[in-house]
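Data from query.tsv: TSV, C-alpha atoms and all ligand atoms
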chain	number	residue	atom	x	y	z
A	1	MET	CA	-13.80	21.87	-31.53
A	2	HIS	CA	-16.33	20.18	-29.24
A	3	ASP	CA	-15.14	16.81	-30.51
A	4	LEU	CA	-11.57	17.82	-29.77
A	5	LEU	CA	-12.38	18.87	-26.21
A	6	ASP	CA	-14.16	15.53	-25.70
A	7	HIS	CA	-10.86	13.77	-26.26
A	8	LEU	CA	-8.72	15.98	-24.06
A	9	PRO	CA	-7.33	14.49	-20.83
A	10	ARG	CA	-10.04	14.21	-18.20
A	11	HIS	CA	-9.16	15.35	-14.72
A	12	ASP	CA	-11.54	13.16	-12.74
A	13	ASP	CA	-8.90	10.56	-12.04
A	14	SER	CA	-6.23	12.34	-10.04
A	15	LEU	CA	-3.93	9.32	-10.02
A	16	GLN	CA	-4.01	9.10	-13.81
A	17	GLN	CA	-3.47	12.85	-14.05
A	18	ARG	CA	-0.42	12.63	-11.79
A	19	ASP	CA	1.02	9.77	-13.82
A	20	TYR	CA	0.34	11.69	-17.03
A	21	ARG	CA	2.14	14.81	-15.79
A	22	ARG	CA	5.10	12.69	-14.71
A	23	TYR	CA	5.09	11.02	-18.13
A	24	LEU	CA	5.02	14.44	-19.83
A	25	ALA	CA	7.82	15.76	-17.61
A	26	GLN	CA	10.02	12.80	-18.51
A	27	ARG	CA	9.46	13.26	-22.22
A	28	MET	CA	9.42	17.07	-22.39
A	29	GLY	CA	12.23	17.71	-19.86
A	30	PRO	CA	15.12	17.21	-22.34
A	31	MET	CA	13.35	19.30	-25.01
A	32	ILE	CA	12.64	22.15	-22.57
A	33	HIS	CA	16.28	22.09	-21.50
A	34	ALA	CA	17.46	22.16	-25.14
A	35	LEU	CA	15.13	25.11	-25.95
A	36	MET	CA	16.45	27.03	-22.93
A	37	LEU	CA	20.00	26.40	-24.07
A	38	VAL	CA	19.21	27.73	-27.56
A	39	ALA	CA	17.37	30.78	-26.14
A	40	THR	CA	20.30	31.60	-23.80
A	41	LEU	CA	22.79	31.37	-26.69
A	42	VAL	CA	20.56	33.49	-28.93
A	43	TYR	CA	20.37	36.11	-26.17
A	44	LEU	CA	24.17	36.08	-25.91
A	45	VAL	CA	24.49	36.63	-29.67
A	46	ALA	CA	21.88	39.42	-29.50
A	47	VAL	CA	23.83	41.21	-26.73
A	48	VAL	CA	27.09	41.00	-28.69
A	49	ALA	CA	25.43	42.01	-31.99
A	50	SER	CA	23.61	45.00	-30.51
A	51	SER	CA	26.83	46.21	-28.81
A	52	VAL	CA	28.66	46.15	-32.14
A	53	LEU	CA	25.89	47.43	-34.39
A	54	GLN	CA	23.72	49.79	-32.38
A	55	ARG	CA	25.75	51.29	-29.50
A	56	PRO	CA	22.89	50.94	-26.97
A	57	MET	CA	22.44	53.17	-23.93
A	58	LEU	CA	23.08	50.44	-21.36
A	59	SER	CA	26.54	48.96	-21.05
A	60	GLY	CA	27.26	45.51	-22.47
A	61	TRP	CA	27.96	44.13	-18.98
A	62	LEU	CA	24.58	45.23	-17.70
A	63	ARG	CA	22.81	43.72	-20.70
A	64	ALA	CA	24.85	40.52	-20.32
A	65	LEU	CA	23.88	40.25	-16.64
A	66	PRO	CA	20.67	38.19	-17.28
A	67	LEU	CA	22.84	35.52	-18.91
A	68	LEU	CA	23.84	34.30	-15.45
A	69	PRO	CA	20.30	33.52	-14.14
A	70	LEU	CA	19.30	32.24	-17.60
A	71	ALA	CA	22.22	29.80	-17.56
A	72	LEU	CA	21.51	28.77	-13.95
A	73	VAL	CA	17.84	28.00	-14.71
A	74	THR	CA	18.90	26.10	-17.85
A	75	LEU	CA	21.35	24.00	-15.80
A	76	SER	CA	18.76	23.30	-13.06
A	77	THR	CA	16.24	22.21	-15.69
A	78	ARG	CA	18.64	19.54	-16.88
A	79	GLN	CA	18.27	17.73	-13.54
A	80	ALA	CA	14.58	18.53	-12.94
A	81	ARG	CA	12.15	15.69	-13.60
A	82	ARG	CA	9.37	16.57	-11.12
A	83	PRO	CA	6.52	18.14	-13.12
A	84	HIS	CA	5.85	21.09	-10.80
A	85	LEU	CA	9.53	21.97	-10.54
A	86	LEU	CA	9.91	21.74	-14.31
A	87	SER	CA	6.89	24.00	-14.88
A	88	ALA	CA	8.13	26.52	-12.30
A	89	LEU	CA	11.62	26.62	-13.87
A	90	THR	CA	10.12	27.04	-17.36
A	91	LEU	CA	7.97	29.94	-16.18
A	92	LEU	CA	10.93	31.54	-14.44
A	93	PHE	CA	12.98	31.21	-17.60
A	94	VAL	CA	10.31	32.90	-19.75
A	95	VAL	CA	10.02	35.77	-17.23
A	96	LEU	CA	13.83	36.18	-17.24
A	97	LEU	CA	13.91	36.07	-21.02
A	98	GLU	CA	11.22	38.73	-21.34
A	99	VAL	CA	13.06	40.97	-18.84
A	100	SER	CA	16.32	40.36	-20.71
A	101	ILE	CA	14.85	41.29	-24.10
A	102	ASN	CA	13.44	44.49	-22.60
A	103	LEU	CA	16.79	45.29	-21.00
A	104	ASN	CA	18.68	44.66	-24.20
A	105	THR	CA	16.46	46.98	-26.21
A	106	PHE	CA	16.48	49.78	-23.62
A	107	GLY	CA	17.69	52.99	-25.23
A	108	ASN	CA	17.37	51.62	-28.73
A	109	PRO	CA	15.38	54.05	-30.91
A	110	HIS	CA	14.02	51.15	-32.96
A	111	ARG	CA	13.10	49.08	-29.95
A	112	GLN	CA	9.50	48.55	-30.98
A	113	THR	CA	10.75	46.31	-33.79
A	114	MET	CA	12.12	44.03	-31.06
A	115	VAL	CA	8.51	43.25	-30.12
A	116	LEU	CA	8.66	40.36	-32.58
A	117	PRO	CA	10.28	37.76	-30.26
A	118	GLY	CA	7.57	38.51	-27.73
A	119	LEU	CA	4.91	37.86	-30.38
A	120	LEU	CA	6.46	34.57	-31.42
A	121	LEU	CA	7.10	33.25	-27.93
A	122	PRO	CA	3.50	32.13	-27.18
A	123	VAL	CA	3.33	30.03	-30.35
A	124	VAL	CA	6.87	28.67	-30.04
A	125	SER	CA	6.41	27.79	-26.37
A	126	SER	CA	2.93	26.27	-26.70
A	127	VAL	CA	4.30	22.71	-26.59
A	128	ILE	CA	6.43	23.06	-23.46
A	129	TRP	CA	3.69	23.67	-20.88
A	130	LEU	CA	2.83	20.51	-18.99
A	131	GLY	CA	-0.50	21.60	-17.48
A	132	ARG	CA	-3.25	24.15	-17.85
A	133	TRP	CA	-2.17	26.47	-15.04
A	134	ASP	CA	1.38	26.85	-16.33
A	135	PHE	CA	0.14	27.26	-19.91
A	136	VAL	CA	-2.16	30.13	-18.84
A	137	ALA	CA	0.59	31.69	-16.69
A	138	GLY	CA	3.06	31.29	-19.56
A	139	MET	CA	0.70	32.98	-22.01
A	140	ILE	CA	0.16	35.92	-19.61
A	141	VAL	CA	3.94	36.37	-19.22
A	142	CYS	CA	4.41	36.16	-22.99
A	143	ALA	CA	1.61	38.68	-23.58
A	144	LEU	CA	2.91	41.16	-21.02
A	145	GLY	CA	6.59	40.77	-21.97
A	146	PRO	CA	6.80	43.15	-24.93
A	147	LEU	CA	4.59	45.83	-23.29
A	148	PRO	CA	7.45	47.77	-21.59
A	149	MET	CA	9.19	48.19	-24.97
A	150	LEU	CA	5.99	49.54	-26.49
A	151	LEU	CA	4.93	51.76	-23.62
A	152	LEU	CA	8.38	53.17	-22.82
A	153	GLY	CA	9.35	53.50	-26.47
A	154	ASN	CA	8.05	55.93	-29.02
A	155	SER	CA	5.27	53.67	-30.28
A	156	ASP	CA	2.06	55.25	-31.42
A	157	ASP	CA	-1.49	54.00	-30.78
A	158	VAL	CA	-1.63	52.17	-34.10
A	159	GLN	CA	1.44	50.12	-33.17
A	160	VAL	CA	-0.02	49.27	-29.75
A	161	VAL	CA	-3.33	48.15	-31.35
A	162	GLN	CA	-1.37	46.14	-33.92
A	163	TYR	CA	0.55	44.51	-31.08
A	164	LEU	CA	-2.67	43.61	-29.24
A	165	ILE	CA	-4.13	42.00	-32.38
A	166	TYR	CA	-0.94	40.06	-33.18
A	167	MET	CA	-0.62	38.88	-29.60
A	168	ALA	CA	-4.27	37.76	-29.44
A	169	VAL	CA	-3.80	35.78	-32.68
A	170	ALA	CA	-0.54	34.26	-31.40
A	171	ILE	CA	-2.15	33.14	-28.12
A	172	VAL	CA	-5.17	31.59	-29.88
A	173	LEU	CA	-2.76	29.72	-32.18
A	174	ALA	CA	-0.76	28.57	-29.15
A	175	ALA	CA	-3.93	27.31	-27.43
A	176	VAL	CA	-5.00	25.33	-30.53
A	177	LEU	CA	-1.51	23.83	-30.97
A	178	ARG	CA	-1.35	22.85	-27.33
A	179	ALA	CA	-4.84	21.30	-27.36
A	180	PHE	CA	-3.89	19.03	-30.29
A	181	MET	CA	-0.53	18.21	-28.70
A	182	ALA	CA	-2.24	17.35	-25.41
A	183	ARG	CA	-4.68	15.03	-27.17
A	184	THR	CA	-1.94	13.20	-29.09
A	185	LEU	CA	0.32	12.84	-26.07
A	186	PHE	CA	-2.51	11.69	-23.82
A	187	GLU	CA	-3.54	9.01	-26.32
A	188	GLN	CA	0.08	7.86	-26.55
A	189	PHE	CA	0.33	7.81	-22.74
A	190	ARG	CA	-2.82	5.67	-22.47
A	191	LEU	CA	-1.65	3.30	-25.20
A	192	GLU	CA	1.77	2.83	-23.61
A	193	ARG	CA	0.14	2.25	-20.22
A	194	ARG	CA	-2.26	-0.32	-21.66
A	195	LEU	CA	0.61	-2.17	-23.38
A	196	ARG	CA	2.63	-2.10	-20.16
A	197	GLU	CA	-0.33	-3.42	-18.18
A	198	GLN	CA	-0.88	-6.19	-20.71
A	199	ALA	CA	2.77	-7.16	-20.44
A	200	ASN	CA	2.55	-7.25	-16.63
A	201	THR	CA	-0.80	-8.88	-15.97
A	202	ASP	CA	-2.09	-12.37	-16.48
A	203	GLY	CA	-4.57	-12.54	-19.35
A	204	LEU	CA	-6.92	-15.00	-17.61
A	205	THR	CA	-7.23	-13.56	-14.09
A	206	GLY	CA	-6.05	-9.96	-14.57
A	207	LEU	CA	-3.66	-10.40	-11.62
A	208	LEU	CA	0.02	-9.49	-11.70
A	209	LEU	CA	2.32	-11.90	-13.47
A	210	ARG	CA	5.03	-13.55	-11.36
A	211	ASN	CA	7.87	-11.24	-12.43
A	212	ARG	CA	5.84	-8.07	-11.98
A	213	PHE	CA	4.64	-9.29	-8.57
A	214	LEU	CA	8.25	-9.90	-7.52
A	215	GLN	CA	9.34	-6.53	-8.86
A	216	LEU	CA	6.57	-4.57	-7.09
A	217	SER	CA	7.02	-6.63	-3.90
A	218	ARG	CA	10.70	-5.66	-3.76
A	219	LEU	CA	9.76	-1.99	-3.89
A	220	ALA	CA	6.96	-2.47	-1.34
A	221	LEU	CA	9.24	-4.39	1.07
A	222	ALA	CA	11.88	-1.65	0.89
A	223	ASP	CA	9.20	0.90	1.78
A	224	ILE	CA	7.78	-1.31	4.56
A	225	ARG	CA	11.24	-1.69	6.14
A	226	HIS	CA	11.91	2.01	5.82
A	227	ARG	CA	8.67	2.71	7.73
A	228	GLY	CA	9.35	-0.04	10.29
A	229	LEU	CA	6.07	-1.84	9.55
A	230	PRO	CA	5.36	-5.58	9.69
A	231	ALA	CA	4.33	-7.46	6.54
A	232	CYS	CA	3.14	-10.94	5.64
A	233	VAL	CA	3.03	-13.10	2.55
A	234	LEU	CA	0.22	-15.52	1.72
A	235	TYR	CA	0.71	-18.43	-0.67
A	236	LEU	CA	-2.56	-19.89	-2.03
A	237	ASP	CA	-3.03	-23.10	-3.96
A	238	ALA	CA	-6.43	-24.33	-5.18
A	239	ASP	CA	-7.27	-27.81	-3.89
A	240	HIS	CA	-8.05	-30.79	-6.11
A	241	PHE	CA	-7.83	-28.74	-9.25
A	242	LYS	CA	-6.67	-31.50	-11.56
A	243	PRO	CA	-9.91	-33.54	-11.20
A	244	LEU	CA	-11.90	-30.40	-12.10
A	245	ASN	CA	-9.99	-30.05	-15.37
A	246	ASP	CA	-10.01	-33.77	-16.06
A	247	ASP	CA	-13.73	-34.26	-15.39
A	248	PHE	CA	-15.24	-30.99	-16.58
A	249	GLY	CA	-12.70	-29.60	-19.02
A	250	HIS	CA	-10.27	-26.69	-18.94
A	251	ALA	CA	-13.04	-24.11	-19.44
A	252	ALA	CA	-14.51	-25.10	-16.05
A	253	GLY	CA	-11.02	-24.85	-14.52
A	254	ASP	CA	-10.51	-21.43	-16.08
A	255	ALA	CA	-13.87	-20.20	-14.76
A	256	ALA	CA	-12.93	-21.36	-11.24
A	257	LEU	CA	-9.59	-19.52	-11.46
A	258	ILE	CA	-11.31	-16.34	-12.65
A	259	ALA	CA	-13.82	-16.56	-9.78
A	260	MET	CA	-11.03	-17.17	-7.28
A	261	ALA	CA	-9.03	-14.18	-8.57
A	262	GLY	CA	-12.15	-12.01	-8.37
A	263	THR	CA	-12.70	-13.00	-4.74
A	264	MET	CA	-9.08	-12.27	-3.88
A	265	ARG	CA	-9.31	-8.88	-5.54
A	266	ARG	CA	-12.46	-8.01	-3.60
A	267	GLN	CA	-10.80	-9.02	-0.33
A	268	MET	CA	-7.56	-7.11	-0.91
A	269	ARG	CA	-6.76	-3.74	0.68
A	270	PRO	CA	-5.38	-0.88	-1.45
A	271	ASP	CA	-1.76	-1.59	-0.46
A	272	ASP	CA	-1.91	-5.37	-0.94
A	273	LEU	CA	-0.27	-6.98	-3.95
A	274	ILE	CA	-1.60	-10.15	-5.59
A	275	GLY	CA	0.23	-12.17	-8.20
A	276	ARG	CA	-0.42	-15.35	-10.13
A	277	ILE	CA	2.70	-17.31	-9.31
A	278	GLY	CA	1.93	-20.46	-11.27
A	279	GLY	CA	-1.05	-22.34	-12.76
A	280	GLU	CA	-3.43	-22.40	-9.75
A	281	GLU	CA	-1.02	-20.83	-7.28
A	282	PHE	CA	-1.25	-17.23	-6.10
A	283	ALA	CA	0.67	-15.02	-3.70
A	284	MET	CA	-0.36	-11.97	-1.70
A	285	LEU	CA	1.88	-9.42	-0.02
A	286	MET	CA	0.09	-7.75	2.90
A	287	PRO	CA	1.96	-4.70	4.20
A	288	GLY	CA	1.26	-3.50	7.74
A	289	LEU	CA	-0.09	-6.82	9.10
A	290	ASP	CA	1.62	-9.06	11.66
A	291	LEU	CA	1.31	-12.85	11.53
A	292	ALA	CA	-1.83	-13.02	13.69
A	293	GLN	CA	-3.64	-10.34	11.67
A	294	ALA	CA	-2.58	-11.85	8.32
A	295	THR	CA	-3.66	-15.34	9.44
A	296	GLN	CA	-7.06	-13.93	10.35
A	297	ARG	CA	-7.39	-12.30	6.93
A	298	ALA	CA	-6.24	-15.52	5.24
A	299	GLU	CA	-8.99	-17.36	7.07
A	300	GLN	CA	-11.56	-14.80	5.82
A	301	LEU	CA	-10.20	-15.26	2.31
A	302	ARG	CA	-10.40	-19.05	2.57
A	303	LEU	CA	-14.06	-18.79	3.63
A	304	ALA	CA	-14.83	-16.34	0.81
A	305	ILE	CA	-13.25	-18.70	-1.74
A	306	HIS	CA	-15.24	-21.53	-0.23
A	307	ALA	CA	-18.39	-19.73	-1.34
A	308	ILE	CA	-17.41	-20.26	-5.01
A	309	GLN	CA	-19.38	-23.10	-6.58
A	310	ARG	CA	-17.49	-25.52	-8.85
A	311	PRO	CA	-19.34	-28.09	-11.03
A	312	ASP	CA	-18.14	-30.77	-8.63
A	313	GLY	CA	-18.76	-28.95	-5.37
A	314	ARG	CA	-17.35	-26.00	-3.45
A	315	MET	CA	-14.00	-24.48	-4.26
A	316	SER	CA	-11.38	-24.85	-1.57
A	317	VAL	CA	-7.89	-23.49	-1.13
A	318	SER	CA	-4.85	-24.20	1.04
A	319	ILE	CA	-3.05	-21.11	2.30
A	320	GLY	CA	0.40	-20.66	3.81
A	321	VAL	CA	1.14	-17.48	5.78
A	322	VAL	CA	4.56	-16.18	6.85
A	323	GLU	CA	5.69	-12.94	8.39
A	324	CYS	CA	8.54	-10.96	6.90
A	325	ARG	CA	11.70	-11.19	9.01
A	326	PRO	CA	13.15	-7.90	10.28
A	327	ASP	CA	16.39	-8.51	8.34
A	328	ASP	CA	16.60	-7.85	4.60
A	329	GLU	CA	14.64	-10.94	3.64
A	330	ALA	CA	14.05	-11.12	-0.12
A	331	ILE	CA	10.58	-11.71	-1.54
A	332	GLU	CA	11.87	-14.92	-3.16
A	333	THR	CA	12.80	-16.35	0.28
A	334	LEU	CA	9.47	-15.24	1.72
A	335	LEU	CA	7.68	-17.07	-1.08
A	336	ILE	CA	9.70	-20.25	-0.44
A	337	ARG	CA	8.72	-20.14	3.25
A	338	ALA	CA	5.08	-19.36	2.44
A	339	ASP	CA	5.01	-22.22	-0.09
A	340	ARG	CA	6.36	-24.52	2.62
A	341	ALA	CA	3.59	-23.40	4.98
A	342	MET	CA	1.02	-23.96	2.21
A	343	ARG	CA	2.28	-27.54	1.75
A	344	GLN	CA	1.86	-28.03	5.46
A	345	ALA	CA	-1.80	-27.01	5.03
A	346	LYS	CA	-2.14	-29.53	2.15
A	347	ARG	CA	-0.64	-32.31	4.28
A	348	ALA	CA	-2.94	-31.45	7.17
A	349	GLY	CA	-5.96	-32.16	4.94
A	350	ARG	CA	-6.29	-29.08	2.61
A	351	ASP	CA	-8.92	-26.29	2.81
A	352	ARG	CA	-7.10	-24.60	5.68
A	353	VAL	CA	-4.60	-21.93	6.66
A	354	ALA	CA	-1.14	-22.77	8.03
A	355	SER	CA	1.22	-20.17	9.39
A	356	THR	CA	4.85	-20.40	10.41
A	357	VAL	CA	6.88	-18.15	12.66
A	358	ASP	CA	10.37	-19.36	11.64
A	401	LIG	N1	-8.06	-24.76	-16.43
A	401	LIG	C1	-6.82	-24.46	-16.09
A	401	LIG	N2	-6.06	-25.35	-15.44
A	401	LIG	C2	-4.81	-25.04	-15.09
A	401	LIG	C3	-4.25	-23.79	-15.41
A	401	LIG	N3	-2.99	-23.77	-14.93
A	401	LIG	C4	-2.75	-24.96	-14.34
A	401	LIG	N4	-3.87	-25.73	-14.42
A	401	LIG	C5	-4.08	-27.10	-13.93
A	401	LIG	O1	-4.05	-27.11	-12.52
A	401	LIG	C6	-3.79	-28.44	-12.13
A	401	LIG	C7	-2.85	-28.45	-10.94
A	401	LIG	O2	-2.97	-29.65	-10.34
A	401	LIG	P1	-2.05	-30.09	-9.13
A	401	LIG	O3	-1.60	-28.92	-8.34
A	401	LIG	O4	-0.98	-30.99	-9.62
A	401	LIG	O5	-3.01	-30.96	-8.26
A	401	LIG	P2	-4.38	-30.67	-7.57
A	401	LIG	O6	-5.39	-31.51	-8.20
A	401	LIG	O7	-4.68	-29.21	-7.51
A	401	LIG	O8	-4.09	-31.19	-6.13
A	401	LIG	P3	-3.65	-30.45	-4.85
A	401	LIG	O9	-3.03	-29.16	-5.22
A	401	LIG	O10	-2.67	-31.35	-4.19
A	401	LIG	O11	-4.90	-30.28	-4.04
A	401	LIG	C8	-3.22	-29.17	-13.34
A	401	LIG	O12	-4.17	-30.06	-13.85
A	401	LIG	C9	-3.00	-28.02	-14.35
A	401	LIG	O13	-3.19	-28.44	-15.69
A	401	LIG	C10	-5.05	-22.86	-16.11
A	401	LIG	O14	-4.66	-21.72	-16.43
A	401	LIG	N5	-6.33	-23.22	-16.43

When written as structure tokens, how does the structure in this file appear?
Amino acid sequence: MHDLLDHLPRHDDSLQQRDYRRYLAQRMGPMIHALMLVATLVYLVAVVASSVLQRPMLSGWLRALPLLPLALVTLSTRQARRPHLLSALTLLFVVLLEVSINLNTFGNPHRQTMVLPGLLLPVVSSVIWLGRWDFVAGMIVCALGPLPMLLLGNSDDVQVVQYLIYMAVAIVLAAVLRAFMARTLFEQFRLERRLREQANTDGLTGLLLRNRFLQLSRLALADIRHRGLPACVLYLDADHFKPLNDDFGHAAGDAALIAMAGTMRRQMRPDDLIGRIGGEEFAMLMPGLDLAQATQRAEQLRLAIHAIQRPDGRMSVSIGVVECRPDDEAIETLLIRADRAMRQAKRAGRDRVASTVD
């Protein structure tokens, strides 16, 4: 058991936890909706069957009343993808279901036999709880659900003790099932994430690949415009890189690229995006900075890269900086302008920053 707990999702990384809950909600949402649909239909059949077979004390209409909220929650769950909303709707559904079962068995002399669904619910529902808090809340609701039938019925002490034992066993089983499910799903989540990262990042430098950079930049630019912030794009190209490869081999060139990427990563702010656009060409999207601020940061970056030692001397880079236009300028156009500014820096003698305002 200790080994199992060691592999359960750790909650020290809140970002990872949030992503994991969102991942779970996406995968479990359709199943939770389907289970609610089945439970609502089963309740409908139970209402009809008990009306025909048992002549209960409460009228059929009154016992059918919970079908409306049950159906409404089921419908809302179909649209819900946010983890907290999904958990809240699931809890609400279980509460409604427990109330409905109690209502349906009211006045039935054999109502204690209807305790069974309440005993099975914890085990059956163990897989649908996304987090710990909703699992614990769900188990409490499941455990308390059948109590009214027992306490208001003609159950004796032995039956109540039996119920307590059954319920305790059912909840322990549910906890074990959920722990194993959580471990399997978390491993799958991590594996999928790793594969996605591998598909999106450059194997040599660990920076974003061109397409992923463009994709994330589009989203970032939409957000920047929505918030009315400035943004700049930097285009970086290592200087005299061919002689390094030709004279010292590709391994030396690779090492210089890795060092350059490391420096860029250390210089970046949390909201910046860096991509490897081509062989020794990189791009940076800097949200929130105007041209003057971005040019200053580009200069700092150039100096930091200058500190990298190549076998043939210091590393140098030419950088082009452009500011995003207030219209809906696409990232592709920004890159073309930044590339043009970078070429200007090359023509002016390399190892410098060039910015354009056009
Ligand atoms: N080692 C290594 N070299 C690469 C990689 N990708 C591209 N290159 C090399 O980078 C060099 C790019 O050279 P150019 O941009 O044409 O010229 P340059 O010598 O950098 O000259 P300027 O850019 O004008 O200063 C070529 O020799 C490519 O083979 C890579 O992943 N690893």

Cut-off 8 Å, only C-alpha atoms and all ligand atoms, neighbours of ligand LIG 401 (chain A) as a ChimeraX atom specification: /A:204,237-246,249-257,278-280,317-318,346,350

Who sits within 7 Å of region 136-149 of chain A, all atoms listed in the file, same chain under 3 positions skipped, as a list in words: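 Final neighbour list, sorted by chain and number: Leu91, Val95, Glu98, Asn102, Arg111, Gln112, Val115, Gly118, Leu121, Pro122, Arg132, Trp133, Leu152, Gly153, Met167 and Ile171 of chain A.
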
Near-Arg190 (chain A) list (10 Å; all atoms listed in the file; drop same-chain fewer than 6 positions) as a list in words: Gln16, Tyr20 and Arg196 of chain A

Gap from CA of Ala338 (chain A) to CA of Val322 (chain A) - Å, one decimal: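 Separation of CA of Ala338 (chain A) and CA of Val322 (chain A): 5.5 Å.
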
Polymer residues at most 10 Å from (10.4, 15.1, -18.6) by all atoms listed in the file, as a PyMOL selection string: chain A and resi 21-33+77-83+86+130

CA of Leu97 (chain A) to CA of Ala175 (chain A), distance in Å rounded to a single decimal: 20.9 Å

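Closest approach to Gly228 (chain A) from the set A:Glu332, A:Asp312, A:Asp290, A:Glu299 is made by A:Asp290, with distances taken over all atoms listed in the file.
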
Atom pair CA of His84 (chain A) / CA of Phe135 (chain A): separation (Å): 12.4 Å

Nearby residues (only C-alpha atoms) at most 10 Å from Asn200 (chain A), same-chain spacing under 3 positions excluded, as a PyMOL selection string: chain A and resi 194-197+203+206-213

Option closest in space to Ala261 (chain A), from A:Gln309, A:Thr295, A:Thr205, A:Ser126 [counting only C-alpha atoms]: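 Among the listed residues, the smallest separation from Ala261 (chain A) belongs to A:Thr205.
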
Quick one: residues within 9 Å of (9.0, -6.8, 2.8) (file frame), counting all atoms listed in the file, please, as an mmCIF file with C-alpha atoms, in the frame of the given file.
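Saved file point30.cif follows:
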data_model
loop_
_atom_site.group_PDB
_atom_site.id
_atom_site.type_symbol
_atom_site.label_atom_id
_atom_site.label_comp_id
_atom_site.auth_asym_id
_atom_site.auth_seq_id
_atom_site.Cartn_x
_atom_site.Cartn_y
_atom_site.Cartn_z
ATOM 1 C CA SER A 217 7.020 -6.630 -3.900
ATOM 2 C CA ARG A 218 10.700 -5.660 -3.760
ATOM 3 C CA LEU A 219 9.760 -1.990 -3.890
ATOM 4 C CA ALA A 220 6.960 -2.470 -1.340
ATOM 5 C CA LEU A 221 9.240 -4.390 1.070
ATOM 6 C CA ALA A 222 11.880 -1.650 0.890
ATOM 7 C CA ASP A 223 9.200 0.900 1.780
ATOM 8 C CA ILE A 224 7.780 -1.310 4.560
ATOM 9 C CA ARG A 225 11.240 -1.690 6.140
ATOM 10 C CA LEU A 229 6.070 -1.840 9.550
ATOM 11 C CA PRO A 230 5.360 -5.580 9.690
ATOM 12 C CA ALA A 231 4.330 -7.460 6.540
ATOM 13 C CA CYS A 232 3.140 -10.940 5.640
ATOM 14 C CA VAL A 233 3.030 -13.100 2.550
ATOM 15 C CA LEU A 285 1.880 -9.420 -0.020
ATOM 16 C CA MET A 286 0.090 -7.750 2.900
ATOM 17 C CA PRO A 287 1.960 -4.700 4.200
ATOM 18 C CA GLU A 323 5.690 -12.940 8.390
ATOM 19 C CA CYS A 324 8.540 -10.960 6.900
ATOM 20 C CA ARG A 325 11.700 -11.190 9.010
ATOM 21 C CA PRO A 326 13.150 -7.900 10.280
ATOM 22 C CA ASP A 328 16.600 -7.850 4.600
ATOM 23 C CA GLU A 329 14.640 -10.940 3.640
ATOM 24 C CA ALA A 330 14.050 -11.120 -0.120
ATOM 25 C CA ILE A 331 10.580 -11.710 -1.540
ATOM 26 C CA LEU A 334 9.470 -15.240 1.720
#

Best match for closeness to Gln296 (chain A) among A:Ser355, A:Ala348, A:Arg266, A:Arg314, counting only C-alpha atoms: A:Ser355

Listed atoms of region 321-334 of chain A boxed axis-aligned with 6 Å per side, centre + edges as JSON:
{"center_x": 8.9, "center_y": -12.7, "center_z": 3.6, "size_x": 27.5, "size_y": 21.6, "size_z": 25.4}
